[in-house]
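Student: Handing over coords.txt, compact mmCIF, C-alpha atoms.
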```txt
# COMPACT_ATOMS: atom_id res chain seq x y z
CA MET A 1 -48.21 52.65 17.34
CA THR A 2 -49.34 49.32 16.02
CA ALA A 3 -47.08 46.33 15.87
CA ALA A 4 -46.36 44.85 12.49
CA PRO A 5 -47.64 41.31 11.99
CA ARG A 6 -44.98 38.76 12.74
CA GLN A 7 -43.99 36.70 9.73
CA ASP A 8 -42.61 33.87 11.82
CA GLU A 9 -45.78 33.02 13.69
CA SER A 10 -46.18 29.29 13.96
CA PRO A 11 -49.46 27.87 12.67
CA GLY A 12 -49.63 25.88 15.91
CA LEU A 13 -50.28 22.26 16.63
CA ASP A 14 -52.26 20.12 14.25
CA PRO A 15 -53.12 16.96 16.21
CA LEU A 16 -55.11 15.41 13.36
CA ALA A 17 -52.19 15.73 10.92
CA GLY A 18 -49.89 14.23 13.55
CA PHE A 19 -52.28 11.34 14.13
CA LEU A 20 -52.56 10.68 10.39
CA ALA A 21 -48.76 10.72 10.08
CA LEU A 22 -48.66 7.89 12.60
CA VAL A 23 -51.44 5.98 10.86
CA LEU A 24 -49.63 5.95 7.50
CA PRO A 25 -46.26 7.58 6.73
CA GLY A 26 -46.79 10.73 4.63
CA LEU A 27 -50.54 10.93 5.25
CA GLY A 28 -50.16 13.80 7.72
CA HIS A 29 -48.41 16.01 5.18
CA ALA A 30 -50.88 15.03 2.46
CA PHE A 31 -53.71 16.03 4.81
CA ARG A 32 -52.07 19.45 5.22
CA GLY A 33 -52.13 19.89 1.44
CA GLN A 34 -48.53 18.91 0.77
CA VAL A 35 -49.39 15.88 -1.31
CA LEU A 36 -46.07 15.50 -3.16
CA ARG A 37 -44.14 15.84 0.09
CA GLY A 38 -46.39 13.20 1.68
CA VAL A 39 -45.90 10.82 -1.24
CA LEU A 40 -42.12 11.18 -1.05
CA ILE A 41 -42.12 10.66 2.73
CA GLY A 42 -44.35 7.61 2.37
CA ALA A 43 -42.20 6.17 -0.42
CA GLY A 44 -39.02 6.61 1.60
CA ILE A 45 -40.32 5.24 4.90
CA LEU A 46 -42.46 2.41 3.56
CA GLY A 47 -39.69 1.57 1.09
CA LEU A 48 -37.28 1.21 3.99
CA PHE A 49 -39.72 -0.91 5.99
CA ALA A 50 -40.56 -3.20 3.06
CA GLY A 51 -36.88 -3.38 2.12
CA GLY A 52 -35.98 -4.51 5.62
CA ILE A 53 -38.54 -7.31 5.51
CA LEU A 54 -37.41 -8.30 2.01
CA ILE A 55 -33.75 -8.50 3.10
CA GLY A 56 -34.13 -10.13 6.51
CA GLY A 57 -37.50 -11.83 6.18
CA ILE A 58 -40.49 -11.35 8.44
CA THR A 59 -38.44 -12.32 11.51
CA VAL A 60 -36.83 -8.84 11.62
CA VAL A 61 -40.13 -7.49 13.03
CA ASP A 62 -40.57 -9.40 16.28
CA SER A 63 -41.73 -7.84 19.52
CA ARG A 64 -41.18 -11.14 21.36
CA SER A 65 -37.88 -12.14 19.86
CA ASP A 66 -35.35 -14.24 21.76
CA ARG A 67 -32.73 -11.72 20.62
CA THR A 68 -32.69 -8.67 22.84
CA GLU A 69 -31.60 -6.25 20.11
CA THR A 70 -34.44 -7.37 17.83
CA ARG A 71 -36.98 -7.11 20.65
CA ILE A 72 -35.82 -3.61 21.63
CA SER A 73 -35.70 -2.52 17.99
CA PHE A 74 -39.44 -3.12 17.71
CA ILE A 75 -39.98 -0.06 19.91
CA GLY A 76 -38.47 2.07 17.15
CA GLN A 77 -40.10 0.08 14.36
CA ALA A 78 -43.50 0.69 15.94
CA PHE A 79 -43.35 4.35 14.86
CA VAL A 80 -43.99 3.20 11.28
CA GLY A 81 -47.56 2.75 12.53
CA PRO A 82 -50.22 0.07 12.14
CA VAL A 83 -48.23 -1.52 9.31
CA ALA A 84 -45.52 -2.54 11.79
CA PHE A 85 -48.06 -3.90 14.28
CA ALA A 86 -49.83 -5.84 11.52
CA VAL A 87 -46.58 -7.43 10.35
CA ASN A 88 -45.69 -8.29 13.95
CA THR A 89 -49.12 -9.82 14.57
CA VAL A 90 -48.92 -11.96 11.43
CA HIS A 91 -45.42 -13.03 12.45
CA GLN A 92 -46.47 -14.03 15.96
CA SER A 93 -49.65 -15.83 14.91
CA SER A 94 -48.66 -17.54 11.68
CA PHE A 95 -44.94 -18.24 11.93
CA LYS A 96 -44.51 -19.19 15.57
CA GLY A 97 -45.91 -22.16 17.40
CA LEU A 98 -46.50 -23.14 20.99
CA ASP A 99 -43.69 -25.21 22.44
CA PRO A 100 -45.43 -27.81 24.65
CA LEU A 101 -42.32 -28.26 26.80
CA THR A 102 -41.76 -24.62 27.77
CA ASN A 103 -45.29 -23.36 27.03
CA THR A 104 -43.85 -20.43 25.05
CA ARG A 105 -44.26 -19.42 21.42
CA ARG A 106 -41.20 -19.75 19.19
CA HIS A 107 -40.09 -20.54 15.65
CA ALA A 108 -39.90 -24.15 14.59
CA LEU A 109 -36.41 -25.62 14.27
CA PRO A 110 -35.40 -27.34 10.99
CA ASP A 111 -36.49 -30.75 12.30
CA GLU A 112 -39.79 -29.45 13.66
CA ARG A 113 -43.07 -28.38 12.11
CA ILE A 114 -46.02 -26.31 13.32
CA GLU A 115 -49.29 -28.19 13.38
CA ASN A 116 -52.47 -26.57 14.71
CA GLY A 117 -50.42 -23.83 16.32
CA ARG A 118 -48.20 -26.27 18.23
CA ILE A 119 -44.60 -27.20 17.53
CA ARG A 120 -44.15 -30.87 16.84
CA PRO A 121 -40.90 -32.72 16.12
CA MET A 122 -40.75 -34.65 12.86
CA SER A 123 -39.51 -37.64 14.86
CA LEU A 124 -42.92 -37.75 16.52
CA GLY A 125 -44.75 -37.92 13.24
CA ALA A 126 -45.02 -34.30 12.14
CA ALA A 127 -45.65 -33.87 8.43
CA ASP A 128 -42.63 -33.58 6.17
CA GLY A 129 -41.80 -30.38 4.33
CA ASP A 130 -40.21 -27.02 4.86
CA PRO A 131 -40.59 -25.11 8.14
CA PRO A 132 -42.99 -22.14 7.87
CA VAL A 133 -40.17 -19.61 7.99
CA HIS A 134 -36.38 -19.54 7.76
CA VAL A 135 -35.10 -17.38 10.61
CA SER A 136 -32.57 -14.86 9.36
CA ILE A 137 -29.14 -14.70 10.95
CA GLY A 138 -25.99 -12.62 10.71
CA LYS A 139 -25.72 -9.60 8.45
CA MET A 140 -29.03 -10.19 6.67
CA HIS A 141 -30.87 -10.05 9.98
CA GLU A 142 -28.93 -7.02 11.22
CA ILE A 143 -29.48 -5.05 8.02
CA GLY A 144 -33.15 -6.00 7.89
CA VAL A 145 -33.69 -4.85 11.48
CA LEU A 146 -31.74 -1.66 10.74
CA TYR A 147 -33.89 -0.83 7.69
CA CYS A 148 -37.14 -1.22 9.68
CA LEU A 149 -35.77 0.63 12.70
CA VAL A 150 -34.59 3.60 10.63
CA ALA A 151 -38.02 3.66 8.92
CA GLY A 152 -39.66 4.06 12.33
CA MET A 153 -37.25 6.79 13.42
CA LEU A 154 -37.79 8.73 10.19
CA ASN A 155 -41.56 8.49 10.59
CA PHE A 156 -41.17 9.94 14.08
CA ILE A 157 -39.46 12.97 12.49
CA ALA A 158 -42.24 13.17 9.90
CA PHE A 159 -44.82 12.92 12.69
CA LEU A 160 -43.26 15.86 14.56
CA ASP A 161 -43.11 17.86 11.33
CA ALA A 162 -46.77 17.17 10.55
CA LEU A 163 -47.81 17.86 14.14
CA ARG A 164 -46.07 21.22 14.33
CA PRO A 165 -45.05 22.50 10.89
CA PRO A 166 -42.41 25.22 10.40
CA ALA A 167 -43.13 28.92 10.75
CA LYS A 168 -44.22 29.48 7.18
CA SER A 169 -46.13 27.25 4.82
CA ARG A 170 -43.71 25.47 2.57
CA ASP A 171 -44.07 24.79 -1.14
CA ASP A 172 -45.92 28.08 -1.53
CA ASP A 173 -43.12 30.60 -1.68
CA GLU A 174 -39.71 31.31 -0.22
CA PRO A 175 -39.25 30.20 3.37
CA VAL A 176 -38.65 32.59 6.23
CA ARG A 177 -35.01 32.11 7.19
CA THR A 178 -34.89 34.75 9.94
CA THR A 179 -36.66 34.15 13.20
CA GLY A 180 -36.85 35.60 16.66
CA VAL A 181 -34.98 38.89 17.22
CA VAL A 182 -33.87 39.30 13.61
CA ALA A 183 -37.38 38.82 12.25
CA GLY A 184 -38.76 41.25 14.84
CA MET A 185 -36.21 43.90 13.81
CA LEU A 186 -37.00 43.40 10.15
CA SER A 187 -40.77 43.63 10.65
CA GLY A 188 -40.36 46.70 12.88
CA GLN A 189 -38.16 48.37 10.27
CA SER A 190 -40.71 47.58 7.58
CA ALA A 191 -43.55 49.01 9.68
CA GLY A 192 -41.53 52.12 10.42
CA GLY A 193 -40.81 52.66 6.75
CA THR A 194 -44.43 52.54 5.73
CA ALA A 195 -45.76 54.63 8.61
CA MET B 1 -24.27 -20.82 -6.97
CA MET B 2 -27.61 -20.29 -5.36
CA HIS B 3 -28.59 -22.84 -2.75
CA LEU B 4 -31.76 -24.82 -3.30
CA SER B 5 -33.38 -23.38 -0.16
CA ALA B 6 -32.65 -19.87 -1.47
CA ALA B 7 -34.39 -20.67 -4.72
CA LEU B 8 -37.45 -21.79 -2.75
CA ALA B 9 -37.36 -18.82 -0.37
CA THR B 10 -40.55 -16.76 -0.17
CA PRO B 11 -39.95 -13.00 -0.58
CA PHE B 12 -40.86 -10.95 2.51
CA ILE B 13 -41.09 -14.18 4.58
CA ASP B 14 -37.67 -15.78 4.25
CA PRO B 15 -34.41 -13.78 4.28
CA LEU B 16 -32.32 -13.18 1.17
CA GLU B 17 -29.27 -15.40 0.72
CA ALA B 18 -26.83 -12.58 0.11
CA HIS B 19 -24.49 -12.66 3.08
CA ARG B 20 -21.42 -11.95 0.96
CA LEU B 21 -23.05 -8.92 -0.62
CA TRP B 22 -24.41 -7.39 2.59
CA TRP B 23 -22.63 -4.09 1.90
CA VAL B 24 -24.65 -3.57 -1.31
CA PHE B 25 -27.75 -2.98 0.83
CA LEU B 26 -26.13 0.12 2.34
CA VAL B 27 -26.68 1.97 -0.96
CA PRO B 28 -30.52 1.73 -1.03
CA LEU B 29 -30.48 2.35 2.73
CA ALA B 30 -28.68 5.66 2.24
CA LEU B 31 -30.89 6.54 -0.73
CA LEU B 32 -34.20 5.91 1.06
CA ILE B 33 -33.05 7.66 4.25
CA SER B 34 -32.06 10.67 2.16
CA LEU B 35 -35.38 10.65 0.29
CA ALA B 36 -37.50 10.59 3.45
CA TYR B 37 -35.31 13.05 5.36
CA LYS B 38 -35.05 15.60 2.56
CA ALA B 39 -38.78 15.34 1.86
CA VAL B 40 -39.40 16.36 5.47
CA ARG B 41 -36.70 18.96 5.94
CA GLN B 42 -36.38 20.83 2.63
CA PRO B 43 -38.39 24.09 2.47
CA THR B 44 -39.27 23.46 -1.16
CA LEU B 45 -39.18 20.34 -3.30
CA ASP B 46 -37.86 22.09 -6.40
CA HIS B 47 -34.43 20.45 -6.18
CA ILE B 48 -35.37 17.27 -4.35
CA VAL B 49 -33.59 14.96 -6.80
CA ARG B 50 -30.32 16.89 -6.55
CA ASP B 51 -30.60 17.17 -2.76
CA VAL B 52 -31.32 13.44 -2.32
CA ALA B 53 -28.45 12.49 -4.63
CA LEU B 54 -26.09 14.81 -2.77
CA MET B 55 -27.06 13.50 0.67
CA THR B 56 -26.84 9.88 -0.53
CA ALA B 57 -23.33 10.53 -1.81
CA GLN B 58 -22.37 12.25 1.44
CA VAL B 59 -23.66 9.33 3.53
CA LEU B 60 -21.89 6.73 1.37
CA ILE B 61 -18.62 8.67 1.34
CA GLY B 62 -18.91 9.11 5.10
CA MET B 63 -19.42 5.37 5.63
CA VAL B 64 -16.46 4.52 3.39
CA ALA B 65 -14.29 7.08 5.18
CA LEU B 66 -15.32 5.72 8.59
CA GLY B 67 -14.57 2.19 7.44
CA ALA B 68 -11.17 3.20 6.11
CA ALA B 69 -10.35 5.12 9.29
CA LEU B 70 -11.32 2.16 11.50
CA PHE B 71 -9.32 -0.20 9.28
CA LEU B 72 -6.23 1.97 9.62
CA PHE B 73 -6.77 2.31 13.37
CA ILE B 74 -7.17 -1.42 13.98
CA GLU B 75 -4.61 -2.69 11.50
CA TRP B 76 -1.85 -0.10 11.98
CA ILE B 77 -2.26 2.16 14.98
CA VAL B 78 -3.40 -0.40 17.59
CA PRO B 79 -0.61 -2.90 16.76
CA ALA B 80 1.92 -0.07 16.92
CA LEU B 81 0.65 0.93 20.37
CA VAL B 82 0.56 -2.63 21.68
CA THR B 83 4.05 -3.55 20.47
CA PRO B 84 6.11 -0.34 20.60
CA GLY B 85 9.35 -0.35 18.69
CA THR B 86 8.16 -2.64 15.91
```
Starting from the file, lay out its structure as structure tokens.
Tutor:
Amino acid sequence: MTAAPRQDESPGLDPLAGFLALVLPGLGHAFRGQVLRGVLIGAGILGLFAGGILIGGITVVDSRSDRTETRISFIGQAFVGPVAFAVNTVHQSSFKGLDPLTNTRRHALPDERIENGRIRPMSLGAADGDPPVHVSIGKMHEIGVLYCLVAGMLNFIAFLDALRPPAKSRDDDEPVRTTGVVAGMLSGQSAGGTA
Amino acid sequence: MMHLSAALATPFIDPLEAHRLWWVFLVPLALLISLAYKAVRQPTLDHIVRDVALMTAQVLIGMVALGAALFLFIEWIVPALVTPGT
């Protein structure tokens, strides 16, 4: 007696698709041939990430923030991939300066300016003008951080889905809704009927 | 009236000056979460628009219901518990 082929066999791990999903949201699914699904995933996740930066400014992505919740949130935001690290790097290098008093990097206050990477008070002759960035506060900051954090969490789900896709290839035909014991009974019954 | 600094704000660098309208941003948040989640979880994408619209509505209704429930709890139930007999 030969066993009927199981319909719920998992295609197994696909490390390359998982890696690509972390490189760019949606790329893992596109690599697996599900281009439309990848485009929708990318649009949703990158839309959330860009929306968060638009609402709260670049200061919502800050791995070295003075605010604990913002600093911890970067762990989740990092799952968006290199985009999040690039934004954080630009933020740290271009919008923060070295405070000569504390020897730490921080944003310039309204009466300070950043000159040659160092924070300098206007009272000591710093050039006039606007500070390089307005730090977001209150609801705008919270919502911006939330947008970027949710984007990272959703890309983690997409990464897991690309790494280990469901039992049957989607977008091709109807999905297999029965698994385990039920699927085994059904396949056994089918094999018995044709024998 | 928009403040001068808001008019000079650089998109994606400076934050939006919309503190009074913060709740409006919950709508695109729910929409984009629904889009990404349904794109991952749905077996087929045949009804993606309907599914995303349905989940967005569910999330928004859920948030409004939670807000209303918390409002009732804080404004009515907690005062009644703290000052019994009033």
Student: Could you please tell me, as a PyMOL selection string, which residues of chain B have an atom within 10 Å of chain A when using only C-alpha atoms?
Tutor: chain B and resi 5-6+8-23+25-26+28-46+48
Student: So what do you get for CA of Leu149 (chain A) versus CA of Leu70 (chain B), distance-wise?
Tutor: 24.5 Å
Student: Grab the CA of Val80 (chain A) to CA of Met153 (chain A) distance for me, in Å with one decimal place.
Tutor: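 So the answer is 7.9 Å.
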Student: For the atom pair CA of Gly67 (chain B) and CA of Val24 (chain B), what is the interatomic distance in Å to one decimal place?
Tutor: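 CA of Gly67 (chain B) sits 14.5 Å away from CA of Val24 (chain B).
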